[in-house]
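Next comes structure_9.txt, a file with compact mmCIF, C-alpha atoms.
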```txt
# COMPACT_ATOMS: atom_id res chain seq x y z
CA MET A 1342 0.00 0.00 0.00
CA LYS A 1343 1.22 3.47 -0.84
CA GLU A 1344 0.12 6.97 0.03
CA PHE A 1345 -0.81 9.16 -2.92
CA ARG A 1346 -1.31 12.91 -2.64
CA ALA A 1347 -4.04 13.67 -5.14
CA ASP A 1348 -5.33 16.93 -6.57
CA LEU A 1349 -8.05 15.63 -8.85
CA HIS A 1350 -9.77 18.89 -9.76
CA ILE A 1351 -7.55 20.93 -12.06
CA HIS A 1352 -8.76 22.96 -15.02
CA THR A 1353 -6.76 23.67 -18.17
CA CYS A 1354 -6.91 26.41 -20.78
CA LEU A 1355 -9.81 24.45 -22.31
CA SER A 1356 -12.16 25.76 -19.63
CA PRO A 1357 -13.46 29.19 -20.66
CA CYS A 1358 -12.74 30.44 -17.14
CA GLY A 1359 -9.36 28.69 -16.93
CA SER A 1360 -6.18 30.72 -17.31
CA LEU A 1361 -4.52 30.47 -20.72
CA ALA A 1362 -1.35 29.68 -18.75
CA MET A 1363 -2.88 26.32 -17.77
CA VAL A 1364 -1.06 24.30 -20.42
CA PRO A 1365 0.37 20.79 -19.89
CA GLY A 1366 3.99 21.85 -19.29
CA VAL A 1367 3.03 24.40 -16.66
CA ILE A 1368 0.58 22.05 -14.94
CA VAL A 1369 3.24 19.31 -14.73
CA GLU A 1370 5.88 21.73 -13.44
CA GLU A 1371 3.54 23.02 -10.74
CA THR A 1372 2.47 19.48 -9.83
CA LEU A 1373 6.12 18.55 -9.23
CA ARG A 1374 6.75 21.71 -7.24
CA LYS A 1375 3.78 20.99 -4.98
CA GLY A 1376 4.81 17.36 -4.41
CA LEU A 1377 1.63 15.79 -5.73
CA ASP A 1378 1.61 12.10 -6.70
CA VAL A 1379 -1.42 12.09 -8.96
CA ILE A 1380 -3.58 14.75 -10.63
CA GLY A 1381 -6.99 14.81 -12.26
CA ILE A 1382 -7.90 17.02 -15.20
CA CYS A 1383 -11.49 18.23 -15.00
CA ASP A 1384 -12.47 20.91 -17.49
CA HIS A 1385 -16.05 22.08 -17.76
CA ASN A 1386 -17.99 19.48 -19.74
CA ALA A 1387 -14.96 18.67 -21.93
CA THR A 1388 -11.96 16.34 -22.06
CA GLU A 1389 -9.90 17.39 -25.09
CA ASN A 1390 -6.81 18.35 -23.06
CA VAL A 1391 -6.62 15.21 -20.91
CA ILE A 1392 -4.33 13.23 -23.23
CA ALA A 1393 -1.95 16.17 -23.72
CA VAL A 1394 -1.51 16.63 -19.98
CA ARG A 1395 -1.05 12.90 -19.52
CA LYS A 1396 1.65 12.75 -22.22
CA ALA A 1397 3.45 15.72 -20.69
CA ALA A 1398 3.20 14.12 -17.23
CA GLU A 1399 4.48 10.72 -18.39
CA LYS A 1400 8.04 12.01 -18.62
CA GLU A 1401 7.87 12.85 -14.91
CA LYS A 1402 6.00 9.64 -14.11
CA ILE A 1403 3.02 11.52 -12.74
CA PRO A 1404 -0.23 9.64 -13.33
CA VAL A 1405 -3.14 11.68 -14.70
CA LEU A 1406 -6.77 10.72 -14.21
CA GLY A 1407 -9.04 11.87 -17.01
CA GLY A 1408 -12.19 13.63 -15.95
CA MET A 1409 -14.68 16.35 -16.47
CA GLU A 1410 -16.62 18.79 -14.33
CA ILE A 1411 -20.12 18.18 -15.64
CA THR A 1412 -22.88 20.78 -15.25
CA SER A 1413 -26.26 19.24 -14.49
CA GLN A 1414 -29.57 20.72 -15.60
CA GLU A 1415 -29.90 22.06 -12.03
CA GLU A 1416 -26.60 23.92 -12.67
CA VAL A 1417 -24.77 21.80 -10.13
CA HIS A 1418 -21.17 20.81 -10.86
CA ILE A 1419 -20.23 17.12 -10.60
CA LEU A 1420 -16.70 15.80 -11.00
CA ALA A 1421 -16.51 12.63 -13.10
CA LEU A 1422 -13.17 10.83 -12.88
CA PHE A 1423 -12.13 7.73 -14.79
CA ASP A 1424 -9.11 5.44 -14.89
CA ASN A 1425 -9.67 4.35 -18.47
CA ASP A 1426 -10.08 6.34 -21.64
CA GLU A 1427 -12.95 4.33 -23.12
CA SER A 1428 -15.18 5.28 -20.19
CA LEU A 1429 -14.04 8.88 -20.37
CA SER A 1430 -14.82 9.17 -24.06
CA GLU A 1431 -18.22 7.51 -23.60
CA MET A 1432 -19.01 10.00 -20.83
CA GLN A 1433 -17.88 12.81 -23.15
CA ARG A 1434 -20.20 11.52 -25.86
CA ILE A 1435 -23.16 11.54 -23.45
CA VAL A 1436 -22.33 15.07 -22.26
CA TYR A 1437 -21.94 16.48 -25.79
CA GLU A 1438 -25.21 14.90 -26.85
CA ASN A 1439 -26.86 16.89 -24.09
CA LEU A 1440 -24.97 20.17 -24.16
CA PRO A 1441 -26.67 22.85 -26.28
CA GLY A 1442 -25.15 26.08 -27.49
CA THR A 1443 -22.06 27.67 -28.99
CA ASN A 1444 -19.41 29.53 -27.01
CA ASP A 1445 -19.07 33.28 -27.18
CA GLU A 1446 -15.39 33.89 -26.48
CA ARG A 1447 -15.90 37.52 -25.63
CA ALA A 1448 -18.48 36.76 -22.97
CA PHE A 1449 -17.11 33.57 -21.45
CA GLY A 1450 -13.48 33.19 -22.56
CA GLU A 1451 -11.43 31.10 -24.95
CA GLN A 1452 -11.54 27.29 -24.98
CA VAL A 1453 -8.11 26.28 -26.16
CA ILE A 1454 -7.10 22.75 -27.13
CA VAL A 1455 -3.35 22.12 -26.83
CA ASN A 1456 -0.89 19.30 -27.40
CA GLU A 1457 1.68 17.92 -24.97
CA GLU A 1458 4.17 20.56 -26.15
CA ASP A 1459 1.80 23.34 -25.11
CA ARG A 1460 1.05 24.24 -28.73
CA VAL A 1461 -2.44 25.35 -29.65
CA VAL A 1462 -4.05 22.76 -31.91
CA GLY A 1463 -7.60 24.06 -31.95
CA LEU A 1464 -10.53 25.70 -30.23
CA ASN A 1465 -13.58 24.04 -28.77
CA ASP A 1466 -16.62 26.04 -29.94
CA ARG A 1467 -19.25 24.41 -27.75
CA LEU A 1468 -20.86 26.29 -24.89
CA LEU A 1469 -18.78 24.57 -22.20
CA ILE A 1470 -19.86 27.03 -19.50
CA GLY A 1471 -23.47 26.01 -20.15
CA ALA A 1472 -25.61 23.37 -18.48
CA THR A 1473 -26.30 19.93 -19.88
CA ARG A 1474 -29.85 18.64 -20.14
CA LEU A 1475 -28.86 15.79 -17.80
CA SER A 1476 -30.27 15.55 -14.29
CA LEU A 1477 -27.97 15.02 -11.32
CA GLU A 1478 -29.29 11.50 -10.98
CA ALA A 1479 -28.65 10.71 -14.65
CA ILE A 1480 -25.09 12.04 -14.45
CA VAL A 1481 -24.17 10.08 -11.32
CA GLU A 1482 -25.74 6.95 -12.78
CA ALA A 1483 -23.84 7.32 -16.05
CA ILE A 1484 -20.52 7.89 -14.23
CA HIS A 1485 -21.03 4.79 -12.10
CA SER A 1486 -22.14 2.60 -14.98
CA LEU A 1487 -18.81 3.51 -16.61
CA GLY A 1488 -16.84 2.71 -13.45
CA GLY A 1489 -15.98 6.31 -12.56
CA LEU A 1490 -15.97 8.41 -9.42
CA ALA A 1491 -18.81 10.91 -8.96
CA ILE A 1492 -17.96 13.78 -6.62
CA ALA A 1493 -20.08 16.89 -6.01
CA SER A 1494 -17.84 19.94 -6.57
CA HIS A 1495 -17.19 22.69 -4.02
CA ILE A 1496 -20.21 22.15 -1.77
CA ASP A 1497 -19.18 25.27 0.16
CA ARG A 1498 -19.63 27.52 -2.87
CA GLU A 1499 -22.97 29.13 -3.41
CA SER A 1500 -22.72 29.15 -7.17
CA PHE A 1501 -22.85 25.76 -8.90
CA GLY A 1502 -22.42 23.82 -5.64
CA ILE A 1503 -25.05 21.23 -4.82
CA VAL A 1504 -25.97 22.80 -1.47
CA GLY A 1505 -25.99 26.33 -2.91
CA GLN A 1506 -28.21 25.39 -5.85
CA LEU A 1507 -30.55 22.90 -4.17
CA GLY A 1508 -30.10 23.50 -0.45
CA PHE A 1509 -29.71 19.78 0.14
CA VAL A 1510 -28.25 16.59 -1.28
CA PRO A 1511 -31.13 14.65 -2.88
CA GLU A 1512 -31.94 11.44 -1.08
CA GLY A 1513 -30.51 8.42 -2.78
CA LEU A 1514 -28.01 10.36 -4.90
CA ALA A 1515 -25.08 7.92 -4.87
CA LEU A 1516 -22.19 10.41 -4.78
CA ASP A 1517 -18.82 8.90 -3.86
CA ALA A 1518 -17.76 12.05 -2.02
CA LEU A 1519 -18.38 15.76 -1.63
CA GLU A 1520 -15.61 18.25 -2.37
CA VAL A 1521 -14.77 21.14 -0.06
CA SER A 1522 -13.02 24.02 -1.85
CA PRO A 1523 -9.88 25.80 -0.60
CA ARG A 1524 -12.04 28.63 0.70
CA SER A 1525 -13.43 26.52 3.58
CA SER A 1526 -12.04 24.35 6.32
CA VAL A 1527 -12.62 20.64 5.77
CA ALA A 1528 -12.57 20.00 9.52
CA ASN A 1529 -15.59 22.27 9.98
CA ALA A 1530 -17.40 21.24 6.81
CA HIS A 1531 -19.67 18.62 8.35
CA ALA A 1532 -20.73 21.11 11.00
CA ALA A 1533 -21.16 23.94 8.48
CA PHE A 1534 -23.00 21.73 6.00
CA PRO A 1535 -25.22 19.25 7.84
CA GLN A 1536 -26.51 18.28 4.38
CA ALA A 1537 -23.14 16.60 3.83
CA SER A 1538 -23.52 14.16 6.67
CA GLY A 1539 -23.09 10.57 5.63
CA PHE A 1540 -20.80 11.45 2.71
CA PRO A 1541 -17.00 11.24 2.69
CA LEU A 1542 -15.36 14.62 2.16
CA VAL A 1543 -12.47 15.34 -0.18
CA THR A 1544 -10.67 18.57 -0.93
CA PHE A 1545 -8.96 19.59 -4.18
CA SER A 1546 -7.67 22.88 -5.53
CA ASP A 1547 -10.21 23.52 -8.34
CA ALA A 1548 -7.21 25.31 -9.85
CA HIS A 1549 -7.90 27.72 -12.71
CA TYR A 1550 -4.44 29.30 -12.35
CA PRO A 1551 -1.05 27.52 -12.11
CA GLU A 1552 -0.21 28.78 -8.63
CA ASP A 1553 -3.42 27.26 -7.24
CA ILE A 1554 -2.51 23.69 -8.19
CA GLY A 1555 -2.03 21.55 -5.08
CA ASN A 1556 -3.27 24.23 -2.68
CA ARG A 1557 -5.49 21.46 -1.43
CA TRP A 1558 -5.12 17.72 -1.89
CA THR A 1559 -6.61 14.51 -0.62
CA GLY A 1560 -4.38 11.62 0.40
CA PHE A 1561 -5.26 8.10 -0.66
CA LEU A 1562 -3.68 5.07 1.01
CA ILE A 1563 -4.21 2.54 -1.78
CA GLU A 1564 -2.49 -0.17 -3.83
CA ASP A 1565 -2.60 1.61 -7.17
CA ILE A 1566 -4.36 4.45 -8.91
CA ARG A 1567 -7.64 2.95 -9.94
CA THR A 1568 -11.06 4.41 -9.20
CA VAL A 1569 -12.12 1.22 -7.39
CA GLU A 1570 -9.18 1.63 -5.00
CA MET A 1571 -10.18 5.25 -4.41
CA LYS A 1572 -13.78 4.22 -3.73
CA TRP A 1573 -12.54 1.77 -1.12
CA ALA A 1574 -10.37 4.47 0.42
CA LEU A 1575 -13.29 6.90 0.61
CA GLN A 1576 -15.36 4.25 2.35
CA ALA A 1577 -12.44 3.08 4.53
CA GLN A 1578 -12.81 -0.45 3.20
CA GLN A 1579 -10.25 -3.20 2.45
CA GLY A 1580 -7.69 -1.45 4.62
CA ARG A 1581 -7.69 1.58 2.31
CA ARG A 1582 -7.91 5.09 3.73
CA ALA A 1583 -8.41 8.65 2.53
CA PHE A 1584 -7.38 11.78 4.42
CA VAL A 1585 -7.47 15.48 3.62
CA SER A 1586 -5.03 18.39 3.70
CA GLU A 1587 -5.99 21.73 5.20
CA MET B 1026 -38.70 53.46 -20.23
CA THR B 1027 -35.04 53.87 -19.40
CA LEU B 1028 -33.17 52.06 -16.65
CA ASP B 1029 -32.47 55.41 -15.07
CA GLU B 1030 -36.20 56.09 -14.72
CA ILE B 1031 -36.81 52.62 -13.32
CA VAL B 1032 -34.04 53.09 -10.75
CA ARG B 1033 -35.65 56.34 -9.59
CA GLU B 1034 -39.25 54.99 -9.57
CA LEU B 1035 -38.42 51.85 -7.59
CA ASN B 1036 -35.65 53.27 -5.45
CA LEU B 1037 -33.05 50.75 -6.64
CA SER B 1038 -29.38 51.10 -5.75
CA VAL B 1039 -26.89 51.21 -8.59
CA ARG B 1040 -23.78 49.11 -7.92
CA SER B 1041 -21.72 49.22 -11.11
CA CYS B 1042 -20.11 52.49 -12.01
CA GLY B 1043 -19.89 53.95 -15.46
CA ALA B 1044 -22.64 51.80 -16.92
CA ASP B 1045 -25.16 53.25 -19.34
CA LEU B 1046 -28.48 53.78 -17.52
CA SER B 1047 -30.06 55.75 -20.34
CA ARG B 1048 -30.78 52.68 -22.40
CA ASP B 1049 -34.41 51.78 -23.10
CA VAL B 1050 -35.53 48.70 -21.18
CA LEU B 1051 -37.63 46.54 -23.50
CA GLY B 1052 -38.92 43.99 -21.00
CA ALA B 1053 -37.82 41.82 -18.09
CA TYR B 1054 -37.03 38.21 -17.30
CA ALA B 1055 -36.76 36.58 -13.87
CA SER B 1056 -34.71 33.41 -13.38
CA ASP B 1057 -31.78 32.09 -11.38
CA LEU B 1058 -30.67 29.42 -13.83
CA LEU B 1059 -28.10 30.86 -16.23
CA SER B 1060 -28.92 28.34 -18.93
CA ASP B 1061 -32.58 29.34 -18.76
CA VAL B 1062 -31.69 33.04 -19.09
CA MET B 1063 -29.45 32.27 -22.05
CA ALA B 1064 -32.33 30.44 -23.67
CA HIS B 1065 -35.17 32.85 -22.92
CA ALA B 1066 -34.11 36.40 -22.06
CA GLU B 1067 -34.38 38.91 -24.89
CA LYS B 1068 -32.10 41.69 -26.01
CA GLY B 1069 -32.69 44.88 -24.02
CA PHE B 1070 -34.40 43.03 -21.14
CA LEU B 1071 -33.77 43.64 -17.49
CA TRP B 1072 -32.80 40.43 -15.69
CA ILE B 1073 -34.04 39.77 -12.16
CA THR B 1074 -31.94 37.24 -10.23
CA LEU B 1075 -30.48 36.35 -6.85
CA GLN B 1076 -27.20 35.14 -8.38
CA ILE B 1077 -24.22 37.34 -7.55
CA HIS B 1078 -21.25 35.57 -9.20
CA GLN B 1079 -19.45 36.99 -12.20
CA ASN B 1080 -20.97 34.64 -14.77
CA ILE B 1081 -24.10 36.77 -14.60
CA VAL B 1082 -22.18 39.57 -16.31
CA ALA B 1083 -21.08 37.21 -19.07
CA VAL B 1084 -24.68 36.15 -19.64
CA ALA B 1085 -25.82 39.80 -19.70
CA VAL B 1086 -23.15 40.59 -22.30
CA LEU B 1087 -24.03 37.54 -24.37
CA LYS B 1088 -27.74 38.38 -24.45
CA ASP B 1089 -27.17 42.14 -24.67
CA LEU B 1090 -29.39 42.73 -21.65
CA ALA B 1091 -30.22 46.23 -20.42
CA GLY B 1092 -29.10 45.38 -16.91
CA ILE B 1093 -29.26 43.05 -13.91
CA VAL B 1094 -31.43 43.50 -10.82
CA ILE B 1095 -30.16 41.57 -7.80
CA VAL B 1096 -32.87 40.85 -5.25
CA ASN B 1097 -33.12 40.31 -1.49
CA ASN B 1098 -30.47 42.87 -0.63
CA ARG B 1099 -27.73 40.57 -1.90
CA GLU B 1100 -24.49 42.25 -2.89
CA PRO B 1101 -22.64 41.27 -6.08
CA ASP B 1102 -19.18 39.69 -5.59
CA ALA B 1103 -16.21 42.03 -6.04
CA GLY B 1104 -15.24 40.14 -9.21
CA THR B 1105 -18.76 40.57 -10.55
CA LEU B 1106 -18.60 44.33 -10.06
CA SER B 1107 -15.21 44.75 -11.69
CA LYS B 1108 -16.33 42.67 -14.66
CA ALA B 1109 -19.58 44.66 -14.87
CA ASP B 1110 -17.60 47.90 -14.92
CA GLU B 1111 -15.29 46.54 -17.58
CA GLU B 1112 -18.20 45.37 -19.76
CA ARG B 1113 -20.37 48.39 -18.87
CA VAL B 1114 -23.23 46.18 -17.67
CA PRO B 1115 -25.51 47.99 -15.22
CA ILE B 1116 -26.07 46.14 -11.94
CA VAL B 1117 -28.65 47.40 -9.47
CA VAL B 1118 -29.76 45.89 -6.17
CA THR B 1119 -33.05 45.90 -4.30
CA ASP B 1120 -34.12 44.68 -0.89
CA LEU B 1121 -37.29 43.27 -2.44
CA PRO B 1122 -37.67 39.58 -3.30
CA THR B 1123 -38.12 38.47 -6.91
CA PHE B 1124 -41.92 38.30 -6.95
CA GLU B 1125 -42.25 41.80 -5.50
CA ILE B 1126 -39.76 43.51 -7.80
CA ALA B 1127 -41.22 41.70 -10.82
CA GLY B 1128 -44.68 42.94 -9.84
CA ARG B 1129 -43.50 46.51 -9.54
CA LEU B 1130 -41.71 46.40 -12.87
CA TYR B 1131 -44.90 45.03 -14.40
CA GLN B 1132 -46.84 47.93 -12.88
CA LEU B 1133 -44.40 50.31 -14.53
CA GLY B 1134 -45.38 48.77 -17.84
CA LEU B 1135 -42.60 46.26 -18.49
CA ARG B 1136 -43.61 42.92 -19.99
CA GLY B 1137 -41.84 39.60 -20.16
CA GLN B 1138 -42.78 38.43 -23.59
CA VAL B 1139 -42.03 40.13 -26.83
CA ARG B 1140 -42.99 37.19 -28.98
CA CYS B 1141 -46.48 35.74 -28.86
```
Encoded form (structure tokens):
Amino acid sequence: MKEFRADLHIHTCLSPCGSLAMVPGVIVEETLRKGLDVIGICDHNATENVIAVRKAAEKEKIPVLGGMEITSQEEVHILALFDNDESLSEMQRIVYENLPGTNDERAFGEQVIVNEEDRVVGLNDRLLIGATRLSLEAIVEAIHSLGGLAIASHIDRESFGIVGQLGFVPEGLALDALEVSPRSSVANAHAAFPQASGFPLVTFSDAHYPEDIGNRWTGFLIEDIRTVEMKWALQAQQGRRAFVSE
Amino acid sequence: MTLDEIVRELNLSVRSCGADLSRDVLGAYASDLLSDVMAHAEKGFLWITLQIHQNIVAVAVLKDLAGIVIVNNREPDAGTLSKADEERVPIVVTDLPTFEIAGRLYQLGLRGQVRC
């Protein structure tokens, strides 16, 4: 068993709100500087930069989980993380089938697709800041049917957090964990958000700028970096454990 | 009716500086879901919402709205205000809840539907 420091919620320049400096080389450099063992790339509703970051990270032997921060029809953000690319691309297909609209760069920002050498290879013209037509339940179900982790983003943020948008976590919603953002204390989160009771808590950086990477991380005591191992850790099963930074 | 006149009639507080309040307001739309506003608000409309984060400015720019009314005495985030100033999007606040401010705007003659 090994301890992995994980920051699984990092945006790239593909997110309209992500800094254009968030290119693979910079993300890898910052990941090394912060001493992280594994990172997750979660752009808004899109995955086009996952492979580039993974290729750039391979040289430094940093594993990269592919993911997405999906916007539900309730405008709640859900992190979807996968340990295999087939599941990730199937999830992407489902999201794109249900994501209307075209981006307006001036209003929302550029959505830049890059390669592992940080070169621009294209622009995503979908409305990535927009909401999918998928319900929370449908998103969590799809993630789980593909073997992924479903984590509600930044429950302490009023905008796009599940508690801010709905006021509660719907009964029966099978989230694997709830994420606390760097703006709140994880230790106090269960007291501050009674709605979160019964769910494991994680904390990640939600980095949109390079310097924010690794500001928060969650430690996983697991055999290897697979989502099933992380699920066990979150549930403290099979001798696995998860613990959070402050 | 201009936004300036509406602000005076309903005693609203202007929060963004340098925005153009002399624009004609063509109608109003009330919603707190950004995707719904993007789908249904019309150009020149006033948008009534409780959201205070900076994406509301982006939506107002995208839809070319006349301005944003934030309800329930909620104050826009600092980032929202600086973006509103940059984009010259008027933001006003009221202590009234959505239903009340919508009713008063309706009394002033604003309507929510330009297409039948």
**Computed interatomic separation between CA of Ser1500 in chain A and CA of Val1455 in chain A (Å)** =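 Those two atoms sit 28.5 Å apart.
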**Request:** List the neighbours of Pro1365 in chain A out to 10 Å using only C-alpha atoms; skip same-chain residues closer than 2 positions along the sequence, and give me the result as an MDAnalysis selection string.
**Result:** chainID A and resid 1353:1354 1362:1363 1367:1371 1390:1398 1455:1460
Up to 9 Å from chain B, what residues of chain A turn up? Count only C-alpha atoms and give them as a PDB file with C-alpha atoms, keeping the file's coordinate frame.
```
ATOM      1  CA  GLN A1414     -29.570  20.720 -15.600  1.00  0.00           C
ATOM      2  CA  GLU A1415     -29.900  22.060 -12.030  1.00  0.00           C
ATOM      3  CA  GLU A1416     -26.600  23.920 -12.670  1.00  0.00           C
ATOM      4  CA  ASP A1445     -19.070  33.280 -27.180  1.00  0.00           C
ATOM      5  CA  ARG A1447     -15.900  37.520 -25.630  1.00  0.00           C
ATOM      6  CA  ALA A1448     -18.480  36.760 -22.970  1.00  0.00           C
ATOM      7  CA  PHE A1449     -17.110  33.570 -21.450  1.00  0.00           C
ATOM      8  CA  GLY A1471     -23.470  26.010 -20.150  1.00  0.00           C
ATOM      9  CA  ALA A1472     -25.610  23.370 -18.480  1.00  0.00           C
ATOM     10  CA  THR A1473     -26.300  19.930 -19.880  1.00  0.00           C
ATOM     11  CA  GLU A1499     -22.970  29.130  -3.410  1.00  0.00           C
ATOM     12  CA  SER A1500     -22.720  29.150  -7.170  1.00  0.00           C
TER      13      SER A1500
END
```
**Item:** Separation of CA of Leu1355 in chain A from CA of Arg1374 in chain A, in Å and rounded to one decimal
**Value:**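 Separation between CA of Leu1355 in chain A and CA of Arg1374 in chain A: 22.6 Å.
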**Message:** Neighbouring residues of Gln1138 in chain B were defined as those with any atom within 9 Å, considering all atoms listed in the file; residues of the same chain fewer than 5 positions away were excluded. Please report them as a PyMOL selection string.
**Reply:** chain B and resi 1052-1054+1067
